[in-house]
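Enquirer: Contents of coords27.txt (compact mmCIF, C-alpha atoms) are given next:
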# COMPACT_ATOMS: atom_id res chain seq x y z
CA MET P 20 12.11 2.88 -22.89
CA ALA P 21 15.02 0.86 -21.50
CA ALA P 22 13.75 1.49 -18.00
CA TYR P 23 10.33 0.08 -18.80
CA ARG P 24 9.96 -3.58 -17.91
CA ASP P 25 7.38 -5.24 -20.11
CA ARG P 26 5.71 -8.10 -18.24
CA ARG P 27 3.32 -10.06 -20.37
CA ILE P 28 1.27 -13.06 -19.36
CA SER P 29 1.83 -16.45 -20.84
CA GLY P 30 -1.28 -18.54 -21.36
CA SER P 31 0.79 -21.69 -21.57
CA SER P 32 3.43 -23.34 -19.41
CA SER P 33 5.21 -24.95 -22.36
CA GLY P 34 8.06 -22.44 -22.53
CA ASN P 35 8.69 -19.38 -24.65
CA HIS P 36 8.11 -20.96 -28.05
CA ALA P 37 5.18 -19.52 -29.98
CA PRO P 38 2.41 -22.05 -30.55
CA SER P 39 1.85 -23.36 -34.05
CA THR P 40 -0.93 -21.84 -36.09
CA ASN P 41 -2.99 -25.03 -35.84
CA THR P 42 -2.54 -25.32 -32.06
CA GLU P 43 -3.43 -21.68 -31.55
CA SER P 44 -6.47 -21.98 -33.80
CA GLU P 45 -7.63 -25.07 -31.91
CA GLN P 46 -7.21 -23.30 -28.57
CA THR P 47 -9.17 -20.31 -29.86
CA ASN P 48 -11.98 -22.57 -31.04
CA LEU P 49 -12.08 -24.34 -27.66
CA ILE P 50 -12.33 -21.04 -25.77
CA ILE P 51 -15.05 -19.76 -28.07
CA SER P 52 -16.96 -23.05 -27.84
CA ALA P 53 -16.80 -22.93 -24.03
CA GLU P 54 -18.21 -19.40 -24.02
CA GLU P 55 -20.94 -20.35 -26.49
CA ALA P 56 -21.98 -23.20 -24.17
CA ALA P 57 -21.97 -20.83 -21.18
CA ARG P 58 -23.95 -18.31 -23.22
CA GLN P 59 -26.65 -20.85 -23.97
CA LYS P 60 -26.96 -21.60 -20.26
CA ARG P 61 -26.85 -17.90 -19.37
CA SER P 62 -29.39 -16.85 -21.97
CA GLY P 63 -32.72 -16.10 -20.40
CA GLN P 64 -31.66 -16.75 -16.80
CA SER P 65 -31.99 -13.06 -15.92
CA ARG P 66 -35.59 -13.05 -17.17
CA ARG P 67 -36.38 -16.27 -15.33
CA ARG P 68 -34.94 -14.85 -12.10
CA MET P 69 -37.03 -11.69 -12.43
CA GLU P 70 -40.16 -13.69 -13.23
CA LYS P 71 -39.55 -15.80 -10.12
CA ALA P 72 -39.08 -12.65 -8.01
CA ALA P 73 -42.29 -11.17 -9.44
CA ARG P 74 -44.25 -14.33 -8.57
CA ARG P 75 -42.80 -14.22 -5.05
CA GLU P 76 -43.84 -10.58 -4.59
CA ASP P 77 -47.34 -11.30 -5.91
CA ARG P 78 -47.75 -14.16 -3.44
CA ILE P 79 -46.38 -12.07 -0.55
CA ALA P 80 -48.88 -9.32 -1.38
CA GLN P 81 -51.73 -11.83 -1.57
CA LEU P 82 -50.89 -13.41 1.80
CA GLU P 83 -50.32 -10.04 3.51
CA ASN P 84 -53.68 -8.77 2.22
CA MET P 85 -55.40 -11.86 3.60
CA ASP P 86 -53.71 -11.31 6.96
CA ASN P 87 -54.55 -7.59 7.01
CA ARG P 88 -58.20 -8.26 6.21
CA ASN P 89 -58.38 -10.60 9.17
CA ASP P 90 -56.85 -8.01 11.51
CA SER P 91 -59.37 -5.36 10.49
CA SER P 92 -62.40 -7.63 10.34
CA SER P 93 -64.84 -8.11 13.22
CA ASN P 94 -66.25 -11.21 11.55
CA ASN P 95 -65.23 -14.16 13.69
CA ASN P 96 -65.75 -16.45 10.72
CA ASN P 97 -62.67 -14.90 9.05
CA ASN P 98 -59.80 -16.88 10.50
CA GLY P 99 -57.05 -15.19 8.46
CA LEU P 100 -54.00 -17.19 7.47
CA SER P 101 -53.72 -20.87 8.20
CA ASP P 102 -50.56 -22.15 9.88
CA SER P 103 -49.22 -23.38 6.54
CA GLU P 104 -49.96 -20.05 4.83
CA ARG P 105 -48.25 -18.11 7.65
CA ALA P 106 -45.21 -20.38 7.38
CA GLU P 107 -45.23 -19.82 3.61
CA LEU P 108 -45.35 -16.03 4.10
CA GLU P 109 -42.47 -16.09 6.56
CA GLY P 110 -40.41 -18.23 4.17
CA LEU P 111 -41.08 -15.87 1.26
CA LEU P 112 -40.11 -12.86 3.35
CA ARG P 113 -36.85 -14.56 4.38
CA SER P 114 -36.13 -15.32 0.74
CA ARG P 115 -36.72 -11.68 -0.20
CA GLU P 116 -34.50 -10.45 2.62
CA ALA P 117 -31.70 -12.84 1.66
CA PHE P 118 -31.55 -11.26 -1.80
CA GLU P 119 -31.54 -7.65 -0.62
CA GLU P 120 -28.47 -5.55 -1.38
CA GLN P 121 -25.71 -6.43 1.11
CA TYR P 122 -23.18 -3.84 -0.07
CA ASP P 123 -22.72 -1.18 2.62
CA ALA P 124 -19.98 1.41 2.06
CA ASP P 125 -20.67 2.89 5.51
CA ASN P 126 -18.76 -0.06 6.97
CA PHE P 127 -15.59 0.68 4.99
CA SER P 128 -12.49 1.80 6.87
CA LYS P 129 -10.73 5.04 5.86
CA GLU P 130 -7.99 2.93 4.30
CA HIS P 131 -10.47 0.97 2.21
CA VAL P 132 -12.26 4.13 1.06
CA GLU P 133 -8.90 5.51 -0.13
CA PHE P 134 -8.08 2.19 -1.80
CA LYS P 135 -11.38 2.30 -3.72
CA ARG P 136 -10.82 5.96 -4.64
CA LEU P 137 -7.41 5.26 -6.15
CA HIS P 138 -8.74 2.35 -8.19
CA ASN P 139 -11.59 4.50 -9.48
CA GLU P 140 -8.89 6.97 -10.58
CA ALA P 141 -7.08 4.12 -12.30
CA PHE P 142 -10.33 3.16 -14.03
CA ALA P 143 -10.83 6.66 -15.43
CA ALA P 144 -7.18 7.03 -16.44
CA LEU P 145 -7.07 3.68 -18.23
CA ALA P 146 -10.31 4.33 -20.10
CA ARG P 147 -8.91 7.59 -21.45
CA PHE P 148 -5.52 6.02 -22.20
CA CYS P 149 -7.23 3.33 -24.28
CA GLN P 150 -9.33 5.90 -26.09
CA ARG P 151 -6.25 7.99 -26.96
CA ASP P 152 -4.44 4.89 -28.21
CA ARG P 153 -7.43 3.87 -30.31
CA ASN P 154 -7.60 7.35 -31.84
CA ARG P 155 -3.86 7.36 -32.52
CA ARG P 156 -4.03 4.07 -34.39
CA SER P 157 -7.30 4.72 -36.22
CA ILE P 158 -7.36 5.83 -39.84
CA ALA P 159 -10.81 7.31 -39.25
CA GLU P 160 -11.46 10.72 -37.76
CA ASN P 161 -10.57 10.75 -34.07
CA GLU P 162 -13.51 10.61 -31.70
CA SER P 163 -13.77 13.38 -29.13
CA LYS P 164 -16.49 11.68 -27.07
CA ASP P 165 -15.68 10.02 -23.79
CA PRO P 166 -14.86 6.30 -23.91
CA ASN P 167 -17.62 3.85 -23.08
CA VAL P 168 -17.01 2.07 -19.79
CA PHE P 169 -18.69 -0.86 -18.06
CA TYR P 170 -18.51 -1.43 -14.31
CA LEU P 171 -20.29 -2.72 -11.24
CA ASP P 172 -21.56 -0.15 -8.75
CA GLY P 173 -23.40 -0.26 -5.43
CA PRO P 174 -26.11 1.85 -3.82
CA ASP P 175 -23.51 4.44 -2.79
CA THR P 176 -22.92 5.05 -6.54
CA ALA P 177 -19.26 5.79 -5.70
CA THR P 178 -17.78 4.73 -9.05
CA SER P 179 -20.46 6.53 -11.07
CA LEU P 180 -19.95 9.75 -9.12
CA ALA P 181 -16.16 9.46 -9.41
CA LEU P 182 -16.37 9.13 -13.19
CA ILE P 183 -18.94 11.88 -13.72
CA ASP P 184 -18.17 14.44 -11.02
CA GLU P 185 -14.44 14.01 -10.52
CA HIS P 186 -13.28 12.95 -13.97
CA GLY P 187 -15.84 14.64 -16.21
CA PHE P 188 -17.22 11.56 -17.97
CA ASP P 189 -20.43 11.98 -19.91
CA ARG P 190 -23.00 9.92 -18.03
CA SER P 191 -24.26 8.50 -21.34
CA CYS P 192 -20.90 6.64 -21.64
CA CYS P 193 -21.25 4.89 -18.27
CA TYR P 194 -22.90 1.46 -18.23
CA VAL P 195 -23.74 -0.59 -15.12
CA ALA P 196 -25.32 -3.91 -14.21
CA ASN P 197 -26.65 -4.94 -10.80
CA ARG P 198 -28.72 -7.91 -9.64
CA HIS P 199 -30.59 -5.84 -7.07
CA LEU P 200 -33.55 -3.87 -8.39
CA SER P 201 -33.37 -1.36 -5.54
CA THR P 202 -29.77 -0.53 -6.45
CA CYS P 203 -30.65 -0.25 -10.14
CA GLU P 204 -33.33 2.30 -9.29
CA ILE P 205 -30.77 4.36 -7.33
CA LEU P 206 -28.25 4.19 -10.18
CA GLN P 207 -30.92 5.26 -12.68
CA GLN P 208 -31.22 8.53 -10.80
CA ILE P 209 -27.65 9.31 -11.91
CA LEU P 210 -27.29 7.44 -15.20
CA PRO P 211 -29.63 7.17 -18.19
CA GLU P 212 -32.22 4.49 -17.50
CA GLU P 213 -31.11 2.44 -20.51
CA ASN P 214 -27.52 2.40 -19.19
CA VAL P 215 -28.50 0.36 -16.13
CA ILE P 216 -29.48 -3.28 -16.52
CA HIS P 217 -31.03 -5.36 -13.75
CA ALA P 218 -28.84 -8.43 -14.30
CA THR P 219 -25.47 -9.94 -13.50
CA ALA P 220 -22.42 -8.60 -15.34
CA ALA P 221 -22.17 -11.74 -17.47
CA GLU P 222 -25.86 -11.56 -18.40
CA ALA P 223 -25.61 -7.86 -19.25
CA LEU P 224 -22.65 -8.47 -21.58
CA THR P 225 -24.07 -11.56 -23.31
CA PRO P 226 -25.80 -11.07 -26.67
CA SER P 227 -29.48 -11.86 -26.46
CA SER P 228 -30.50 -15.05 -28.23
CA ASN P 229 -33.51 -13.27 -29.70
CA THR P 230 -33.56 -9.49 -29.86
CA SER P 231 -37.04 -9.52 -31.39
CA ASP P 232 -38.34 -10.42 -27.95
CA TYR P 233 -37.27 -7.00 -26.70
CA ASN P 234 -37.75 -4.60 -29.61
CA ASN P 235 -41.04 -3.46 -31.03
CA ASP P 236 -39.58 -1.18 -33.71
CA GLY P 237 -37.80 -3.86 -35.73
CA SER P 238 -34.36 -2.52 -34.81
CA ASP P 239 -31.32 -4.68 -34.11
CA TYR P 240 -30.43 -2.81 -30.92
CA ASP P 241 -30.60 -5.16 -27.96
CA GLU P 242 -32.04 -3.32 -24.97
CA SER P 243 -31.51 -6.35 -22.74
CA SER P 244 -27.75 -6.42 -23.26
CA PHE P 245 -24.71 -4.17 -23.59
CA SER P 246 -23.05 -6.67 -25.93
CA ASP P 247 -23.11 -4.28 -28.89
CA ILE P 248 -21.40 -1.42 -26.99
CA ASP P 249 -17.72 -0.84 -27.78
CA PHE P 250 -16.18 -0.52 -24.31
CA ALA P 251 -12.68 0.86 -23.78
CA CYS P 252 -12.52 -0.31 -20.17
CA TYR P 253 -14.22 -2.83 -17.88
CA TYR P 254 -14.10 -2.80 -14.07
CA PHE P 255 -15.37 -6.00 -12.45
CA ASP P 256 -15.34 -4.80 -8.85
CA GLY P 257 -17.13 -6.39 -5.91
CA CYS P 258 -17.06 -9.89 -7.38
CA GLY P 259 -16.31 -11.93 -4.25
CA GLY P 260 -13.64 -14.59 -4.19
CA PHE P 261 -14.73 -17.08 -6.85
CA ALA P 262 -12.25 -16.83 -9.74
CA PRO P 263 -14.41 -18.73 -12.31
CA HIS P 264 -17.15 -16.16 -11.71
CA ILE P 265 -14.80 -13.32 -12.75
CA ILE P 266 -13.47 -15.32 -15.69
CA GLY P 267 -17.07 -15.84 -16.82
CA MET P 268 -17.63 -12.06 -16.83
CA MET P 269 -14.49 -11.52 -18.90
CA SER P 270 -15.46 -14.26 -21.31
CA ALA P 271 -18.96 -12.82 -21.75
CA ALA P 272 -17.51 -9.35 -22.35
CA LEU P 273 -14.67 -10.18 -24.70
CA ILE P 274 -15.37 -13.37 -26.65
CA ARG P 275 -17.07 -12.57 -29.91
CA PRO P 276 -16.66 -15.17 -32.69
CA GLU P 277 -17.00 -12.41 -35.29
CA ALA P 278 -14.11 -10.49 -33.66
CA THR P 279 -11.52 -13.26 -33.68
CA ARG P 280 -8.21 -12.66 -35.40
CA MET P 281 -9.14 -15.11 -38.17
CA ASN P 282 -12.41 -13.30 -38.90
CA ASN P 283 -11.10 -9.78 -38.39
CA LEU P 284 -7.86 -9.61 -40.36
CA HIS P 285 -8.54 -6.17 -41.82
CA HIS P 286 -9.38 -4.42 -38.55
CA LEU P 287 -6.84 -3.60 -35.85
CA PRO P 288 -7.77 -4.92 -32.38
CA LYS P 289 -8.88 -2.01 -30.20
CA THR P 290 -6.84 -1.35 -27.07
CA MET P 291 -8.84 -1.91 -23.90
CA ALA P 292 -8.30 -2.38 -20.16
CA VAL P 293 -9.83 -4.78 -17.65
CA GLY P 294 -9.84 -4.40 -13.88
CA TYR P 295 -11.09 -6.91 -11.33
CA SER P 296 -11.35 -7.35 -7.57
CA ILE P 297 -11.19 -10.60 -5.62
CA MET P 298 -11.39 -11.48 -1.95
CA GLY P 299 -9.35 -13.93 0.10
CA GLY P 300 -6.14 -14.60 2.01
CA SER P 301 -2.72 -13.69 0.58
CA LYS P 302 -1.78 -17.15 -0.72
CA ASP P 303 -5.29 -17.83 -1.96
CA VAL P 304 -5.40 -14.48 -3.79
CA ILE P 305 -2.09 -15.12 -5.58
CA GLU P 306 -3.42 -18.40 -6.98
CA LYS P 307 -6.67 -16.75 -8.04
CA GLU P 308 -4.81 -13.87 -9.71
CA MET P 309 -2.71 -16.34 -11.71
CA ASP P 310 -5.80 -18.27 -12.80
CA ILE P 311 -7.66 -15.10 -13.84
CA ASN P 312 -4.70 -13.56 -15.68
CA ARG P 313 -3.97 -16.80 -17.51
CA ALA P 314 -7.60 -17.07 -18.59
CA LEU P 315 -7.68 -13.42 -19.68
CA THR P 316 -4.54 -13.94 -21.75
CA ASN P 317 -6.16 -16.87 -23.57
CA ILE P 318 -9.34 -14.87 -24.10
CA ALA P 319 -7.31 -11.94 -25.47
CA ARG P 320 -5.61 -14.25 -27.96
CA THR P 321 -8.97 -15.04 -29.55
CA ARG P 322 -8.97 -11.38 -30.62
CA GLY P 323 -5.33 -11.27 -31.71
CA MET P 324 -4.36 -9.38 -28.55
CA ARG P 325 -1.85 -9.74 -25.72
CA THR P 326 -2.07 -8.68 -22.08
CA ARG P 327 0.13 -6.37 -20.05
CA HIS P 328 0.25 -5.70 -16.29
CA VAL P 329 -0.76 -2.06 -15.80
CA LEU P 330 0.54 -1.72 -12.25
CA ASP P 331 4.07 -2.73 -13.29
CA ASP P 332 4.39 0.78 -14.74
CA PRO P 333 1.41 2.89 -13.58
CA CYS P 334 2.95 6.20 -14.73
CA ARG P 335 2.82 5.08 -18.34
CA PHE P 336 -0.96 4.86 -18.18
CA GLY P 337 -1.63 7.88 -15.96
CA VAL P 338 -2.49 5.67 -12.98
CA PRO P 339 -1.65 7.06 -9.49
CA THR P 340 1.80 5.86 -8.43
CA GLU P 341 0.68 5.39 -4.82
CA ILE P 342 -1.89 2.78 -5.84
CA VAL P 343 -1.60 -0.69 -4.26
CA LYS P 344 -3.16 -4.00 -5.19
CA THR P 345 -4.19 -5.13 -1.72
CA GLU P 346 -6.10 -3.60 1.17
CA GLY P 347 -7.22 -5.97 3.89
CA SER P 348 -8.70 -9.01 2.18
CA THR P 349 -9.45 -7.17 -1.08
CA PHE P 350 -7.17 -7.51 -4.11
CA THR P 351 -7.61 -5.35 -7.24
CA SER P 352 -5.57 -5.52 -10.41
CA TRP P 353 -5.62 -4.03 -13.92
CA MET P 354 -4.63 -5.52 -17.25
CA LEU P 355 -4.18 -3.84 -20.64
CA LEU P 356 -5.18 -5.69 -23.80
CA GLU P 357 -3.41 -4.53 -26.97
CA ASP P 358 -2.72 -5.68 -30.51
CA GLU P 359 -0.15 -8.47 -30.21
CA ALA P 360 1.56 -7.16 -33.35
CA MET P 361 2.51 -3.92 -31.57
When written as structure tokens, how does the structure in this file appear?
Expert:
Amino acid sequence: MAAYRDRRISGSSSGNHAPSTNTESEQTNLIISAEEAARQKRSGQSRRRMEKAARREDRIAQLENMDNRNDSSSNNNNNGLSDSERAELEGLLRSREAFEEQYDADNFSKEHVEFKRLHNEAFAALARFCQRDRNRRSIAENESKDPNVFYLDGPDTATSLALIDEHGFDRSCCYVANRHLSTCEILQQILPEENVIHATAAEALTPSSNTSDYNNDGSDYDESSFSDIDFACYYFDGCGGFAPHIIGMMSAALIRPEATRMNNLHHLPKTMAVGYSIMGGSKDVIEKEMDINRALTNIARTRGMRTRHVLDDPCRFGVPTEIVKTEGSTFTSWMLLEDEAM
């Protein structure tokens, strides 16, 4: 144990003194209030986006049918599309193309493929580490099922295949969100249909404002969200370079007013891990990492938890020792969230 260096993240720059109960409670309330405001804005935006896409596709089909009828008609009175309608069709097609899946693993270098493979190994190892720790600390009968995991995956389904084929995860424990319908349809060939949501990560992890809109059987289960799933590990990969975007995902996943330390005194916080990827230059990435880790530490405190850098001691968590944080312009890191009383 003496050889293990415990590096924890401070959410404050005011020194090593523990915050007063009132200050900490106020900070918790501010974080929760900020997420509630974001949740109100986020609520329903996935449905609105899909409705907009459906209207666009309907209009494209209508205009293309009008154009096709003109091409096949010998009636000279049928002039087909007007100039304005043709311009509208071209604009709608450009809009559709701009939102097509841009992720292409075929363009990855051998080094990047290996980088992704090692971080998928870390994902699997951390999920199982968290599950073992939860079982060890639980007074209930230990669960033998695989841990539930949430992640982002592309049309190559690399992370899903790594979990299921290489690490033996039950596919029913794997949950994915993707904004691209075509990618969702590919992922649903591997995972249960209900485990894939056509939405952003933050939308998929946000409780629905009205579950009755989605359920016809009177149940409380929210088919439009994974917010009621107890995840042992989250992997926010492929998130670009905008740190607030990643922080928003973490906030949506982890902030639950009913799960705060004040409201949950009789239940031990459940160990979990969070991984994330960001893009950018070396100096830029360092600043983004600090911002994200500081935010995650503050979010963890709302649940009576603290954060720990996994890659400071990868062996402890079963993570490959040869793993690195950076490959090219991609940076990936992992944090453990555990009961701060441990």
Enquirer: For each of P:Asp256, P:Glu222, P:Asp86, P:Glu109, take the minimum atom-to-atom distance to Thr178 of chain P, counting only C-alpha atoms, then give the residue where this is smallest.
Expert: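 So, comparing all the options, the nearest one is P:Asp256.
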Enquirer: Would you mind reading off the distance between atom CA of Ala143 of chain P and atom CA of Phe188 of chain P, one decimal, in Å?
Expert: 8.4 Å
Enquirer: For Arg147 of chain P, find every residue with an atom within 12 Å (counting all atoms listed in the file), except residues of its own chain fewer than 2 positions away, and show them as JSON, numbers by chain.
Expert: {"P": [140, 141, 142, 143, 144, 145, 149, 150, 151, 152, 153, 154, 162, 163, 164, 165, 166, 167, 168, 182, 186, 187, 188, 250, 251, 252, 290, 291, 292, 336, 337, 338]}
Enquirer: Please determine, counting all atoms listed in the file, which residue among P:Arg88, P:His138, P:Lys289, P:Arg335 has the shortest atom-to-atom distance to Phe350 of chain P.
Expert: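 Smallest distance to Phe350 of chain P is found for P:His138.
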Enquirer: Pick out the closest residue to Ser101 of chain P from this set: P:Leu206, P:Ser114, P:Leu82, P:Thr326. Count all atoms listed in the file.
Expert: P:Leu82
Enquirer: For the atom pair atom CA of Val293 of chain P and atom CA of Leu315 of chain P, what is the interatomic distance in Å to one decimal place?
Expert: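 Distance reported for this atom pair: 9.1 Å.
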Enquirer: Restricting the calculation to only C-alpha atoms, which member of P:Phe127, P:Phe134, P:Phe245, P:Tyr295 is positioned closest to Asp175 of chain P?
Expert: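 Looking at the shortest contact to Asp175 of chain P, the residue is P:Phe127.
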Enquirer: How many Å separate atom CA of Ser201 of chain P from atom CA of Arg74 of chain P?
Expert: 17.2 Å
Enquirer: Quick one: residues within 10 Å of Ile209 of chain P, all atoms listed in the file counted, chain neighbours fewer than 2 positions away excluded, as an MDAnalysis selection string?
Expert: chainID P and resid 176 179:180 183 190 204:207 211:212 215
Enquirer: Draw an axis-aligned box over all listed atoms of segment 255-274 of chain P, pad each side with 5 Å, and write its centre and edge lengths in Å, one decimal, as AutoDock Vina command-line options.
Expert:
--center_x -15.6 --center_y -11.8 --center_z -15.4 --size_x 16.7 --size_y 23.9 --size_z 32.5
Enquirer: Pick out the closest residue to Thr316 of chain P from this set: P:Met298, P:Ala196, P:Met354, P:Cys203. Count all atoms listed in the file.
Expert: P:Met354
Enquirer: Hey, which of P:Ala272, P:Asn197, P:Glu185, P:Ile248 ends up closest to Leu224 of chain P? Count all atoms listed in the file.
Expert: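 Of all the options, P:Ala272 lies closest to Leu224 of chain P.
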Enquirer: When you look at segment 104-106 of chain P with a cut-off of 12 Å (counting all atoms listed in the file), what residues show up, excluding the ones that are within fewer than 2 positions of it in the same chain? I need them as a list of chain:residue names.
Expert: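 Result of the neighbour search: P:Arg78, P:Ile79, P:Gln81, P:Leu82, P:Glu83, P:Met85, P:Asp86, P:Asn98, P:Gly99, P:Leu100, P:Ser101, P:Asp102, P:Leu108, P:Glu109, P:Gly110, P:Leu111, P:Leu112, P:Arg113.
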Enquirer: Leaving out Gly300 of chain P and any residue of its chain fewer than 2 positions from it, which residues lie within 12 Å of it when counting only C-alpha atoms, given as an MDAnalysis selection string?
Expert: chainID P and resid 260 297:298 302:308 345:350
Enquirer: Rebuild N, CA, C and O atoms on segment 123-140 of chain P, as a CSV table (one decimal), keeping the file's coordinate frame?
Expert:
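The resulting file, selection.csv, is shown below:
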chain,number,residue,atom,x,y,z
P,123,ASP,N,-22.5,-2.3,1.7
P,123,ASP,CA,-22.7,-1.2,2.6
P,123,ASP,C,-21.4,-0.4,2.8
P,123,ASP,O,-20.5,-0.8,3.6
P,124,ALA,N,-21.2,0.6,2.0
P,124,ALA,CA,-20.0,1.4,2.1
P,124,ALA,C,-19.8,2.1,3.4
P,124,ALA,O,-18.6,2.5,3.7
P,125,ASP,N,-20.8,2.2,4.2
P,125,ASP,CA,-20.7,2.9,5.5
P,125,ASP,C,-19.8,2.1,6.4
P,125,ASP,O,-19.2,2.6,7.4
P,126,ASN,N,-19.6,0.8,6.1
P,126,ASN,CA,-18.8,-0.1,7.0
P,126,ASN,C,-17.3,-0.1,6.6
P,126,ASN,O,-16.5,-0.7,7.2
P,127,PHE,N,-17.0,0.7,5.5
P,127,PHE,CA,-15.6,0.7,5.0
P,127,PHE,C,-14.7,1.5,5.9
P,127,PHE,O,-15.1,2.6,6.4
P,128,SER,N,-13.5,1.0,6.1
P,128,SER,CA,-12.5,1.8,6.9
P,128,SER,C,-12.0,3.0,6.0
P,128,SER,O,-12.2,3.0,4.8
P,129,LYS,N,-11.3,3.9,6.6
P,129,LYS,CA,-10.7,5.0,5.9
P,129,LYS,C,-9.7,4.5,4.8
P,129,LYS,O,-9.6,5.0,3.7
P,130,GLU,N,-9.0,3.5,5.2
P,130,GLU,CA,-8.0,2.9,4.3
P,130,GLU,C,-8.7,2.3,3.1
P,130,GLU,O,-8.2,2.4,1.9
P,131,HIS,N,-9.8,1.6,3.3
P,131,HIS,CA,-10.5,1.0,2.2
P,131,HIS,C,-11.1,2.0,1.3
P,131,HIS,O,-11.1,1.8,0.1
P,132,VAL,N,-11.7,3.1,1.9
P,132,VAL,CA,-12.3,4.1,1.1
P,132,VAL,C,-11.2,4.7,0.1
P,132,VAL,O,-11.4,5.0,-1.1
P,133,GLU,N,-10.0,5.0,0.7
P,133,GLU,CA,-8.9,5.5,-0.1
P,133,GLU,C,-8.5,4.5,-1.2
P,133,GLU,O,-8.2,4.9,-2.3
P,134,PHE,N,-8.4,3.3,-0.8
P,134,PHE,CA,-8.1,2.2,-1.8
P,134,PHE,C,-9.1,2.2,-3.0
P,134,PHE,O,-8.7,2.2,-4.1
P,135,LYS,N,-10.4,2.3,-2.7
P,135,LYS,CA,-11.4,2.3,-3.7
P,135,LYS,C,-11.3,3.6,-4.6
P,135,LYS,O,-11.4,3.5,-5.8
P,136,ARG,N,-11.0,4.7,-3.9
P,136,ARG,CA,-10.8,6.0,-4.6
P,136,ARG,C,-9.7,5.9,-5.7
P,136,ARG,O,-9.8,6.3,-6.8
P,137,LEU,N,-8.6,5.3,-5.3
P,137,LEU,CA,-7.4,5.3,-6.2
P,137,LEU,C,-7.7,4.3,-7.3
P,137,LEU,O,-7.3,4.6,-8.5
P,138,HIS,N,-8.4,3.3,-7.1
P,138,HIS,CA,-8.7,2.4,-8.2
P,138,HIS,C,-9.8,2.9,-9.1
P,138,HIS,O,-9.8,2.6,-10.3
P,139,ASN,N,-10.7,3.8,-8.6
P,139,ASN,CA,-11.6,4.5,-9.5
P,139,ASN,C,-10.8,5.5,-10.3
P,139,ASN,O,-11.1,5.7,-11.5
P,140,GLU,N,-9.8,6.1,-9.8
P,140,GLU,CA,-8.9,7.0,-10.6
P,140,GLU,C,-8.2,6.2,-11.7
P,140,GLU,O,-8.0,6.6,-12.8
